Structure formats: structure tokens, C-alpha cells
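A short worksheet on the structure shown next.
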Amino acid sequence: MGLTLELIRGARARIQDKINRTPVLRSTTLDTAARAQLFFKCENFQKTGAFKARGATNAVFLLTDQEAQRGVATHSSGNHAAALSRAAALRGIPAYIVMPSNASEAKRAAVARYGGQSTLCEPTLADRERTCERILAKTGATLIHPYNDLRVMAGAGTTAVELLESVPELDVLLCPVGGGGQLAGVAVAGKSIKPSLRVVGVEPAGADDAYRSFNAGHIIPSVNPQTIADGLRSSLGDLSFAEIRRYADGIVTVSEEAIVRSMRTIWEVLKIIVEPSAAVPYAALLEDKLGVAEQRVGIILSGGNLDLDQLPWSRVRQ
């Protein structure tokens with residue numbers, strides 16, 4: 001059984017008192033530049049600072065009491081790690097988190113702040129999975145995969161449900177894509193509620209496995225991704241890819257320069273903090289990848305967690 005709107009609506013009922021209903025922001029300046037009406041869904045204002053709180057919370061609160069008492073585990077570069085740590089704390093159970101050694105200090109600190117027990121590993125998917133498997137064997141914890149899990153995808157899909165309630169007349173919905181869990185949930189929810197909605201994933205050109213996989217019709221793993229959007233360096237999961245193939249209308253890629261410019265523009269014009277991964281969808285408008293003139297465009301700003309000592313435009317100047 002795949003992901004359905006019924007599962008997404010169930011997730012919404014389960015988590016709505018444990019997460020934020022995030023705001024939708026507008027900007028006349030950005031509308032004029034894009035020659036479109038833009039609606040920014042601000043998941044940077046979500047609990048733990050990212051959309052990941054939705055899926056992690058749904059997954060944790062779906063566990064039986066017997067499963068829950070042994071705790072939960074995952075591997076994550078940061079946002080899912082913090083979200084799972086928080087959800088486990090809400091349920092009063094342990095969270096075992098495997099993080100790559102190149103994860104930002106801010107995201108490591110967030111895991112500790114929410115009570116997660118972190119273990120560092122080499123920054124490869126293979127080592128993340130091996131380390132996580134050892135912890136699962138030792139603790140008996142339940143794996144909550146960061147994206148390749150229907151419970152997590154269902155939680156992510158609640159973002160689109162909220163956005164379409166606020167802006168039912170949307171024509172296009174743009175979403176970042178890394179492992180694909182958010183795009184899968186958003187696409188299923190969006191197309192189920194409004195079949196005419198155009199749902200497009202956006203990813204960095206330096207980590208374009210989703211773009212290549214979507215066009216090839218099968219998963220092409222990510223190998224040595226090169227992008228500042230650290231949340232989008234993952235390979236697609238088979239479950240998330242199946243839903244993306246079924247529901248998404250396409251995937252486009254954007255340059256690193258456009259990601260940095262997008263991030264800075266959002267900071268300067270909307271006056272909010274977003275991380276590089278969250279800036280990726282708006283970058284597609286900056287590079288005119290979509291042809292959305294005169295349309296109503298929803299843009300998911302997926303999170304706002306980053307190391308403020310490592311801002312990308314500061315590195316560019318140096």
C-alpha cells in the first residue's frame with residue numbers, strides 16, 4: 001500500500017497539537033520580480049525549525065507502547081535528527097541519532113538540546129546505514145528513516161494540506177527534493193486535493209540524482225553530491241521515489257550561485273532566516289526554470305537551521 005490522502009489526513013489529526021501551523025508570507029517585491037503571485041509556506045517557523053517535525057512526530061506517535069519503550073533511531077544530517085529527538089522526548093522515550101561528521105554544529109547542538117543521543121560517522125550513506133544498524137541491533141530501537149517511511153511522508157504531506165487550505169487557488173507548488181520524503185508527501189496531498197495543481201521538485205545541480213532518476217524512470221543513486229544545501233545530499237528512497245513518479249509533475253535543478261542568491265534575497269526581503277536547502281525552490285524562479293508568469297505559486301521554505309558562522313555569502317566574499 002502506498003501513501004494516500006487518508007494517511008496524510010490521519011497524520012494531521014495525530015500531530016496537530018504537537019506542531020505549529022506555519023504562516024504563509026507574501027511579498028509585493030518578490031511577486032513583481034517573478035511576474036507571479038508567490039506564497040511562501042514558512043516551515044522555518046516549525047517546531048525544531050524545519051518541516052521534519054511533522055513526519056518524525058507522526059511516526060513516533062504511531063508506535064505501539066511495546067515498540068516505543070525500546071526507543072527510536074535514525075541517521076540524519078540534522079533536521080530529522082532534531083525532529084526525532086524532540087518527538088521521542090514528547091513521548092518520553094530514548095532517541096539514538098547517527099550523524100555524519102560534517103553535520104553543522106548548529107544541528108548537532110539541536111539534537112543535544114532535545115535530548116537525542118548522537119553518534120558521529122563518516123559522511124557517506126553507507127557508513128550512516130552501517131552505524132545505524134549497529135545501534136538498532138544493540139538497543140532494539142525502531143528505525144524511523146528520515147524520508148523512506150510512509151509515516152514520515154504522511155507527516156510531511158500535511159504541509160500541503162495546510163497551504164491549500166490557506167491558498168486553495170494555487171496553480172503551482174514548488175518543493176525541495178533530497179531523499180524525496182517531503183516531495184512525495186506534498187505531491188500526494190497536493191494532487192489528491194487539487195488534481196490540476198502542478199507539483200515540481202527542485203534540487204541543486206550538484207546533487208541532481210532526483211532529476212536524473214525521475215527522467216530515467218529508475219533510481220540513480222547520489223554519488224559525492226556537491227552542494228551547500230546539506231539537507232538535499234541524500235539519495236532517493238524506493239518508497240518516496242514511487243510516489244514522486246506517480247504524483248509529481250517534474251523536477252528541475254538550480255545552480256549553487258542561484259541557491260545563495262535565493263537565500264540572501266529571502267533573508268533581505270522577507271526578513272526571515274532560511275537554510276540553503278529551503279532556498280532551493282525560490283532559486284528555480286530566479287533562474288526562470290518553470291515559466292510561471294501570472295500564476296499563483298506556492299513555495300515551501302523547508303527549514304531555517306544553519307551555522308550562522310558559515311553563511312554562504314560570507315564565504316563568497318572571502
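Residues are named by chain letter and number: chains run A, B, ... in the order of the C-alpha cells, numbers start at 1 in each chain, and ligands are numbered from 1 in the order shown.
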
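Within the 8 Å cut-off around stretch 1-7 of chain A, using only C-alpha atoms and omitting residues fewer than 4 positions from it on the same chain, the listed residues are Ala11, Leu150, Met153, Ala154, Gly185, Val188, Ala189, Ser192, Leu239 and Glu243 of chain A.
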
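The shell of residues at most 8 Å from stretch 281-291 of chain A, with only C-alpha atoms counted and near chain neighbours (fewer than 3 positions) removed, consists of Ala34, Leu174, Cys175, Pro176, Gly201, Val202, Glu203, Val252, Thr253, Val254, Ala258, Ile259, Arg261, Ser262, Ala278, Ile299, Ile300 and Leu301 of chain A.
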
Contacts of stretch 103-113 of chain A at 9 Å or less, counting only C-alpha atoms, minus same-chain residues fewer than 6 places along, as a count of residues only?
19

From the list A:Glu268, A:Glu256, A:Asp149, A:Asp31, the nearest residue to A:Val280 using only C-alpha atoms is A:Glu256

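For A:Leu270, the list of residues within 7 Å, based on only C-alpha atoms and with local chain neighbours fewer than 3 positions off taken out, reads Ser27, Ile266 and Trp267 of chain A.
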
Write the selection just made, keeping N, CA and C atoms, as an mmCIF file, in the first residue's frame?
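The resulting file, result38.cif, is reproduced below:
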```cif
data_model
loop_
_atom_site.group_PDB
_atom_site.id
_atom_site.type_symbol
_atom_site.label_atom_id
_atom_site.label_comp_id
_atom_site.auth_asym_id
_atom_site.auth_seq_id
_atom_site.Cartn_x
_atom_site.Cartn_y
_atom_site.Cartn_z
ATOM 1 N N SER A 27 5.134 38.833 -0.577
ATOM 2 C CA SER A 27 5.978 39.993 -0.802
ATOM 3 C C SER A 27 5.666 40.584 -2.165
ATOM 4 N N ILE A 266 15.708 36.040 0.253
ATOM 5 C CA ILE A 266 14.668 35.737 1.238
ATOM 6 C C ILE A 266 14.990 36.374 2.584
ATOM 7 N N TRP A 267 16.249 36.296 3.006
ATOM 8 C CA TRP A 267 16.657 36.954 4.246
ATOM 9 C C TRP A 267 16.376 38.460 4.165
#
```

I need the residues of stretch 44-180 of chain A that end up classed as alpha helix (DSSP H) by DSSP on the backbone, written out as number ranges by chain.
A: 52-60, 65-68, 79-91, 105-113, 125-139, 150-166

Using only C-alpha atoms, determine which residues lie at most 9 Å from A:Arg12, disregarding the query and same-chain residues fewer than 5 positions distant; provide the list as JSON, numbers by chain.
{"A": [7, 54, 58, 154, 155, 157, 158, 161]}

Based on the selection just made, write C-alpha atoms of those residues as a compact mmCIF listing (two decimals), in the first residue's frame.
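Result written to again_38.txt:
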```txt
# COMPACT_ATOMS: atom_id res chain seq x y z
CA LEU A 7 -2.96 8.59 5.71
CA ARG A 54 5.78 16.71 11.07
CA ASN A 58 3.68 11.23 13.26
CA ALA A 154 2.42 11.28 5.57
CA GLY A 155 3.52 13.81 8.15
CA GLY A 157 2.25 15.87 3.37
CA THR A 158 0.36 17.83 5.99
CA VAL A 161 -2.87 20.32 3.21
```

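Straight-line separation from atom CA of A:Val98 to atom CA of A:Ala126: 12.0 Å.
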
Kindly indicate which residue among A:Leu164, A:Ala216, A:Gly303, A:Asn20 lies nearest to A:Ile272, using only C-alpha atoms for the distances.
A:Gly303

Residues flagged strand (DSSP E) by DSSP in stretch 105-296 of chain A, as a count of residues only:
25

Near A:Asp127, within 12 Å and counting only C-alpha atoms, which residues show up once chain neighbours fewer than 5 positions away are dropped, as a ChimeraX atom specification?
/A:75-76,98-101,119-122,132-134

Would you save the residues of that selection, restricted to N, CA and C atoms, as a tab-separated table (two decimals), in the first residue's frame?
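The new file part.tsv reads:
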```
chain	number	residue	atom	x	y	z
A	75	HIS	N	19.40	7.88	11.07
A	75	HIS	CA	20.61	8.57	10.61
A	75	HIS	C	20.15	9.81	9.87
A	76	SER	N	20.81	10.93	10.13
A	76	SER	CA	20.34	12.21	9.58
A	76	SER	C	21.44	13.25	9.66
A	98	VAL	N	22.35	8.88	14.54
A	98	VAL	CA	23.62	8.78	13.82
A	98	VAL	C	23.72	9.99	12.91
A	99	MET	N	24.81	10.77	13.06
A	99	MET	CA	25.01	11.98	12.28
A	99	MET	C	26.36	11.93	11.57
A	100	PRO	N	26.43	12.41	10.32
A	100	PRO	CA	27.72	12.47	9.63
A	100	PRO	C	28.64	13.48	10.31
A	101	SER	N	29.92	13.23	10.25
A	101	SER	CA	30.88	14.08	10.93
A	101	SER	C	30.92	15.49	10.39
A	119	THR	N	25.66	9.80	17.69
A	119	THR	CA	26.88	9.07	17.34
A	119	THR	C	27.33	9.58	15.98
A	120	LEU	N	28.58	10.00	15.88
A	120	LEU	CA	29.08	10.51	14.60
A	120	LEU	C	29.64	9.37	13.75
A	121	CYS	N	29.54	9.55	12.42
A	121	CYS	CA	30.07	8.56	11.49
A	121	CYS	C	30.68	9.28	10.30
A	122	GLU	N	31.27	8.51	9.39
A	122	GLU	CA	31.81	9.10	8.18
A	122	GLU	C	30.66	9.66	7.33
A	132	CYS	N	24.00	2.94	11.98
A	132	CYS	CA	22.63	2.87	12.48
A	132	CYS	C	22.23	1.42	12.74
A	133	GLU	N	22.62	0.52	11.85
A	133	GLU	CA	22.30	-0.90	12.03
A	133	GLU	C	22.90	-1.45	13.31
A	134	ARG	N	24.13	-1.03	13.64
A	134	ARG	CA	24.76	-1.49	14.88
A	134	ARG	C	23.97	-1.01	16.10
```

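Residues in contact with A:Trp313 at up to 10 Å, not including ones fewer than 6 positions away on its chain and judged by only C-alpha atoms, are A:Glu257, A:Val260, A:Arg261, A:Met263, A:Arg264.
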
Write the residues of the preceding selection, restricted to C-alpha atoms, as a PDB file, in the first residue's frame.
```pdb
ATOM      1  CA  GLU A 257      25.016  30.643  -7.265  1.00  0.00           C
ATOM      2  CA  VAL A 260      22.984  31.559  -2.459  1.00  0.00           C
ATOM      3  CA  ARG A 261      21.230  34.454  -4.182  1.00  0.00           C
ATOM      4  CA  MET A 263      18.769  32.516   0.310  1.00  0.00           C
ATOM      5  CA  ARG A 264      20.080  36.048   0.623  1.00  0.00           C
TER       6      ARG A 264
END
```
